[in-house]
Amino acid sequence: MLTASSRASPRALALVGGVLPSVHARLLTLLASVPADEAFPDYAQLAFLARNHDHHQQQENLSSHALLTAEMAMAIHANETTARVKRTHREHYERRAQDLRRFIEDGVSLRELSREHNVPPCVLARLLLEAIGLRKDDVKAVLRDVCTELPRRAAQLPHAPHPEALERLALDIQGAVDHGGHGSPGADVARRAVGLAHEALLYERLRLLGVAFETEDDLRLREEEKTPDAKLATPLLLRWRDSRGRTVERFVHWVDSKASFCDHDSFQSACITQFDTYARRFGPGLAVHWFGYVSGVVEHHAAAGEHDTRRAASSVLVSDDFPPKGVELVQLEVDVQAHMRQCSKT
């Protein structure tokens, strides 16, 4: 039974682990030098360089933190690319007509423009296609089948580029699509597939533990709008020891699968768009970021974030695995609210 002294407090609680912030920051510095048109840099080498930076200063802390891997480096790169594209989208959008003129009149290639503006080729390709007059649905169709769809849809435009320029544009866009990377159809398909695979992995782990739950699809059948991947039929009690060796306990009512790395920006975004709603509707929960998280991210936002972010951060745990490493899971068959009231009297 929980005692008053061991009950989870409203403040943020953190599972031990995560990638050291200094290692994460070092990787971001290394990634900043990777050209935007390089879809798949040597992530293993980047991870090695990042985690061995200032190794002597960190060696006492490394044992209690996650080891940065190539998979984590790839996920971090995806986060940073997405953030950069969002941050600079307006700038590139307003310059798209100018870029199209340079492409047509000056012969500047799509790849050259990509490197110059530090924007992924397929993202820039979408903007150039919009600049010639295609709608967003047309752009999606073109990227799926460049050689067929671009000539067909461009023929319907009142001011389509000259056939030679259009052919060169098609070749450059096809090259960008084949190369992959952020914004390409292949990357979008892969991201969805990885997300579904890890969601299935979460369900498999829950079933192996004998935990009853409702899936996101089950909840949507009940016309629930924003839903976690798994709503637990009865809460789980998570018990672990913090960095000072103290026993910590926390109820979770839901688990959400994230096939991504959790950094400060992505955590804040998830708090606002998802976790706050889940917590207010179902109670505290657990977000599993399968590709890791920055150590201290939850505590930081619980203490320094905006009001909604602080509230959500105080109601969610972040882990890089399920069940979380070093954590005891206890299945409860009791009325949690009544249990908490009883504990408060002891």
# chains A, B, ... in the order shown; residues from 1 in each chain; ligands from 1
>>> residues_around(residues="Ala83 of chain A", least_positions_apart="2", cutoff="12 Å", atoms="only C-alpha atoms", output="list in words")
Ile76, His77, Ala78, Asn79, Glu80, Thr81, Val85, Lys86, Arg87, Thr88, His89, Val119, His182, Asp263, His264, Asp265, Ser266 and Ser269 of chain A
>>> residues_around(residues="Ala270 of chain A", least_positions_apart="3", cutoff="12 Å", atoms="only C-alpha atoms", output="ChimeraX atom specification")
/A:226,228,256-258,260,262-267,273-279,287,289,298,301,308-309,312-313,316,318
>>> write_last_selection(atoms="C-alpha atoms", output="PDB file, in the first residue's frame")
ATOM      1  CA  LYS A 226      -7.786  13.006 -29.069  1.00  0.00           C
ATOM      2  CA  PRO A 228      -3.531   7.917 -26.635  1.00  0.00           C
ATOM      3  CA  ASP A 256       1.403   6.582 -25.932  1.00  0.00           C
ATOM      4  CA  SER A 257       3.904   5.255 -28.469  1.00  0.00           C
ATOM      5  CA  LYS A 258       6.258   7.717 -30.170  1.00  0.00           C
ATOM      6  CA  SER A 260      10.854   9.472 -32.329  1.00  0.00           C
ATOM      7  CA  CYS A 262      12.008  13.429 -27.373  1.00  0.00           C
ATOM      8  CA  ASP A 263      13.765  16.784 -27.220  1.00  0.00           C
ATOM      9  CA  HIS A 264      12.532  20.026 -25.687  1.00  0.00           C
ATOM     10  CA  ASP A 265      10.670  21.263 -28.764  1.00  0.00           C
ATOM     11  CA  SER A 266       8.911  17.973 -29.499  1.00  0.00           C
ATOM     12  CA  PHE A 267       7.968  17.486 -25.844  1.00  0.00           C
ATOM     13  CA  THR A 273      -1.431  19.144 -28.649  1.00  0.00           C
ATOM     14  CA  GLN A 274      -1.777  15.767 -26.911  1.00  0.00           C
ATOM     15  CA  PHE A 275      -0.583  15.114 -23.367  1.00  0.00           C
ATOM     16  CA  ASP A 276      -2.548  17.885 -21.688  1.00  0.00           C
ATOM     17  CA  THR A 277      -5.782  16.581 -23.217  1.00  0.00           C
ATOM     18  CA  TYR A 278      -4.975  12.973 -22.302  1.00  0.00           C
ATOM     19  CA  ALA A 279      -4.106  13.902 -18.726  1.00  0.00           C
ATOM     20  CA  ALA A 287       4.921   8.476 -23.328  1.00  0.00           C
ATOM     21  CA  HIS A 289       9.813   7.601 -27.117  1.00  0.00           C
ATOM     22  CA  VAL A 298      10.118  16.589 -18.301  1.00  0.00           C
ATOM     23  CA  HIS A 301       9.055  21.951 -18.770  1.00  0.00           C
ATOM     24  CA  ASP A 308      -0.542  24.174 -20.140  1.00  0.00           C
ATOM     25  CA  THR A 309       2.917  22.701 -20.665  1.00  0.00           C
ATOM     26  CA  ALA A 312       0.906  18.314 -18.817  1.00  0.00           C
ATOM     27  CA  ALA A 313       4.561  17.779 -17.879  1.00  0.00           C
ATOM     28  CA  VAL A 316       3.362  12.430 -17.920  1.00  0.00           C
ATOM     29  CA  VAL A 318       8.799   9.707 -20.571  1.00  0.00           C
TER      30      VAL A 318
END
>>> residues_around(residues="segment 134-148 of chain A", least_positions_apart="4", cutoff="7 Å", atoms="only C-alpha atoms", output="PyMOL selection string")
chain A and resi 126+129-130+152+170+174+185
>>> residues_around(residues="segment 324-333 of chain A", least_positions_apart="4", cutoff="10 Å", atoms="only C-alpha atoms", output="list in words")
Leu15, Val16, Gly17, Leu209, Gly210, Val211, Ala212, Ala233, Thr234, Pro235, Leu236, Leu237, Leu238, Arg239, Trp240, Arg241, Val248, Glu249, Arg250, Phe251, Leu286, Val288, Val318, Ser319 and Asp320 of chain A
>>> closest_residue(among="A:Leu208, A:Ala131, A:Val23, A:Leu157", to="Pro323 of chain A", atoms="only C-alpha atoms")
A:Leu208
>>> residues_around(residues="Pro120 of chain A", least_positions_apart="4", cutoff="9 Å", atoms="only C-alpha atoms", output="list in words")
Pro35, Ala36, Asp37, Glu38, Ala39, Thr81, Val85, Arg111, Ser114, Arg115, Leu124, Ala125, Ala176, Gly181, His182 and Gly183 of chain A
>>> residues_around(residues="segment 43-55 of chain A", least_positions_apart="3", cutoff="10 Å", atoms="only C-alpha atoms", output="list in words")
Val19, Leu20, Ser22, Val23, His24, Ala25, Arg26, Leu27, Leu28, Thr29, Leu30, Leu31, Phe40, Gln58, Gln59, Glu60, Asn61, Leu62, Leu67, Leu68, Thr69, Ala70, Glu71, Met72, Ala73, Met74, Ala75 and His77 of chain A
>>> select_by_dssp(residues="segment 29-105 of chain A", states="helix (DSSP H, G or I)", output="PyMOL selection string")
chain A and resi 29-31+43-51+55-62+70-94+96-105
>>> atom_distance(atom1="atom CA of Gln268 of chain A", atom2="atom CA of Arg310 of chain A")
9.3 Å
>>> closest_residue(among="A:Arg101, A:Ser109, A:His300, A:Phe322", to="Gly175 of chain A", atoms="only C-alpha atoms")
A:Ser109
>>> closest_residue(among="A:Glu105, A:Cys122, A:Pro284, A:Ala32", to="Glu164 of chain A", atoms="only C-alpha atoms")
A:Glu105
>>> decode(residues="segment 206-245 of chain A", atoms="N, CA and C atoms", output="JSON list (two decimals), in the first residue's frame")
[["chain", "number", "residue", "atom", "x", "y", "z"],
["A", 206, "LEU", "N", 2.15, -4.96, -23.91],
["A", 206, "LEU", "CA", 1.05, -4.88, -22.95],
["A", 206, "LEU", "C", 0.35, -6.23, -22.81],
["A", 207, "ARG", "N", 0.13, -6.90, -23.94],
["A", 207, "ARG", "CA", -0.55, -8.20, -23.89],
["A", 207, "ARG", "C", 0.32, -9.24, -23.19],
["A", 208, "LEU", "N", 1.62, -9.21, -23.44],
["A", 208, "LEU", "CA", 2.52, -10.16, -22.77],
["A", 208, "LEU", "C", 2.51, -9.97, -21.26],
["A", 209, "LEU", "N", 2.30, -8.73, -20.83],
["A", 209, "LEU", "CA", 2.23, -8.45, -19.39],
["A", 209, "LEU", "C", 0.85, -8.75, -18.82],
["A", 210, "GLY", "N", -0.10, -9.07, -19.70],
["A", 210, "GLY", "CA", -1.45, -9.34, -19.23],
["A", 210, "GLY", "C", -2.22, -8.09, -18.85],
["A", 211, "VAL", "N", -1.84, -6.96, -19.44],
["A", 211, "VAL", "CA", -2.49, -5.69, -19.12],
["A", 211, "VAL", "C", -3.67, -5.47, -20.08],
["A", 212, "ALA", "N", -4.85, -5.29, -19.53],
["A", 212, "ALA", "CA", -6.03, -5.02, -20.35],
["A", 212, "ALA", "C", -6.01, -3.55, -20.77],
["A", 213, "PHE", "N", -6.35, -3.30, -22.03],
["A", 213, "PHE", "CA", -6.32, -1.92, -22.53],
["A", 213, "PHE", "C", -7.23, -1.78, -23.73],
["A", 214, "GLU", "N", -7.55, -0.54, -24.04],
["A", 214, "GLU", "CA", -8.27, -0.20, -25.26],
["A", 214, "GLU", "C", -7.29, 0.49, -26.21],
["A", 215, "THR", "N", -7.37, 0.14, -27.48],
["A", 215, "THR", "CA", -6.50, 0.76, -28.47],
["A", 215, "THR", "C", -7.06, 2.11, -28.89],
["A", 216, "GLU", "N", -6.27, 2.83, -29.65],
["A", 216, "GLU", "CA", -6.72, 4.12, -30.18],
["A", 216, "GLU", "C", -7.97, 3.94, -31.04],
["A", 217, "ASP", "N", -8.00, 2.86, -31.83],
["A", 217, "ASP", "CA", -9.18, 2.59, -32.67],
["A", 217, "ASP", "C", -10.41, 2.31, -31.81],
["A", 218, "ASP", "N", -10.23, 1.56, -30.71],
["A", 218, "ASP", "CA", -11.35, 1.28, -29.81],
["A", 218, "ASP", "C", -11.93, 2.58, -29.27],
["A", 219, "LEU", "N", -11.06, 3.49, -28.87],
["A", 219, "LEU", "CA", -11.51, 4.75, -28.29],
["A", 219, "LEU", "C", -12.23, 5.61, -29.33],
["A", 220, "ARG", "N", -11.75, 5.56, -30.56],
["A", 220, "ARG", "CA", -12.39, 6.36, -31.61],
["A", 220, "ARG", "C", -13.78, 5.84, -31.95],
["A", 221, "LEU", "N", -13.99, 4.54, -31.77],
["A", 221, "LEU", "CA", -15.33, 3.99, -31.98],
["A", 221, "LEU", "C", -16.31, 4.56, -30.97],
["A", 222, "ARG", "N", -15.78, 4.99, -29.82],
["A", 222, "ARG", "CA", -16.61, 5.64, -28.81],
["A", 222, "ARG", "C", -16.65, 7.15, -29.03],
["A", 223, "GLU", "N", -16.15, 7.58, -30.20],
["A", 223, "GLU", "CA", -16.16, 8.98, -30.60],
["A", 223, "GLU", "C", -15.31, 9.86, -29.70],
["A", 224, "GLU", "N", -14.27, 9.26, -29.11],
["A", 224, "GLU", "CA", -13.28, 10.07, -28.41],
["A", 224, "GLU", "C", -12.43, 10.76, -29.47],
["A", 225, "GLU", "N", -12.11, 12.02, -29.26],
["A", 225, "GLU", "CA", -11.38, 12.77, -30.28],
["A", 225, "GLU", "C", -9.87, 12.55, -30.18],
["A", 226, "LYS", "N", -9.23, 13.19, -29.24],
["A", 226, "LYS", "CA", -7.79, 13.01, -29.07],
["A", 226, "LYS", "C", -7.55, 11.85, -28.11],
["A", 227, "THR", "N", -6.88, 10.83, -28.60],
["A", 227, "THR", "CA", -6.75, 9.60, -27.81],
["A", 227, "THR", "C", -5.30, 9.11, -27.80],
["A", 228, "PRO", "N", -4.85, 8.56, -26.67],
["A", 228, "PRO", "CA", -3.53, 7.92, -26.64],
["A", 228, "PRO", "C", -3.60, 6.58, -27.36],
["A", 229, "ASP", "N", -2.45, 5.98, -27.59],
["A", 229, "ASP", "CA", -2.43, 4.69, -28.29],
["A", 229, "ASP", "C", -3.04, 3.58, -27.45],
["A", 230, "ALA", "N", -2.88, 3.65, -26.14],
["A", 230, "ALA", "CA", -3.44, 2.62, -25.26],
["A", 230, "ALA", "C", -4.01, 3.26, -24.00],
["A", 231, "LYS", "N", -5.30, 3.06, -23.78],
["A", 231, "LYS", "CA", -5.96, 3.49, -22.54],
["A", 231, "LYS", "C", -6.11, 2.25, -21.67],
["A", 232, "LEU", "N", -5.48, 2.25, -20.51],
["A", 232, "LEU", "CA", -5.46, 1.07, -19.65],
["A", 232, "LEU", "C", -6.81, 0.88, -18.97],
["A", 233, "ALA", "N", -7.26, -0.38, -18.92],
["A", 233, "ALA", "CA", -8.53, -0.68, -18.26],
["A", 233, "ALA", "C", -8.45, -0.39, -16.77],
["A", 234, "THR", "N", -7.33, -0.73, -16.16],
["A", 234, "THR", "CA", -7.03, -0.36, -14.78],
["A", 234, "THR", "C", -5.63, 0.23, -14.76],
["A", 235, "PRO", "N", -5.39, 1.21, -13.92],
["A", 235, "PRO", "CA", -4.08, 1.88, -13.93],
["A", 235, "PRO", "C", -2.94, 0.92, -13.56],
["A", 236, "LEU", "N", -1.77, 1.27, -14.04],
["A", 236, "LEU", "CA", -0.55, 0.60, -13.62],
["A", 236, "LEU", "C", 0.16, 1.49, -12.61],
["A", 237, "LEU", "N", 0.74, 0.86, -11.61],
["A", 237, "LEU", "CA", 1.58, 1.58, -10.66],
["A", 237, "LEU", "C", 3.03, 1.33, -11.06],
["A", 238, "LEU", "N", 3.76, 2.39, -11.35],
["A", 238, "LEU", "CA", 5.18, 2.29, -11.68],
["A", 238, "LEU", "C", 5.98, 2.64, -10.43],
["A", 239, "ARG", "N", 6.94, 1.79, -10.12],
["A", 239, "ARG", "CA", 7.77, 2.00, -8.93],
["A", 239, "ARG", "C", 9.23, 1.90, -9.33],
["A", 240, "TRP", "N", 10.02, 2.91, -8.96],
["A", 240, "TRP", "CA", 11.44, 2.90, -9.29],
["A", 240, "TRP", "C", 12.21, 3.72, -8.26],
["A", 241, "ARG", "N", 13.52, 3.68, -8.37],
["A", 241, "ARG", "CA", 14.37, 4.48, -7.49],
["A", 241, "ARG", "C", 14.95, 5.64, -8.29],
["A", 242, "ASP", "N", 14.88, 6.83, -7.71],
["A", 242, "ASP", "CA", 15.40, 8.00, -8.42],
["A", 242, "ASP", "C", 16.92, 8.06, -8.29],
["A", 243, "SER", "N", 17.51, 9.14, -8.80],
["A", 243, "SER", "CA", 18.97, 9.25, -8.82],
["A", 243, "SER", "C", 19.58, 9.30, -7.42],
["A", 244, "ARG", "N", 18.75, 9.59, -6.41],
["A", 244, "ARG", "CA", 19.25, 9.62, -5.03],
["A", 244, "ARG", "C", 18.93, 8.33, -4.28],
["A", 245, "GLY", "N", 18.38, 7.36, -5.00],
["A", 245, "GLY", "CA", 18.08, 6.08, -4.37],
["A", 245, "GLY", "C", 16.76, 6.02, -3.65]]
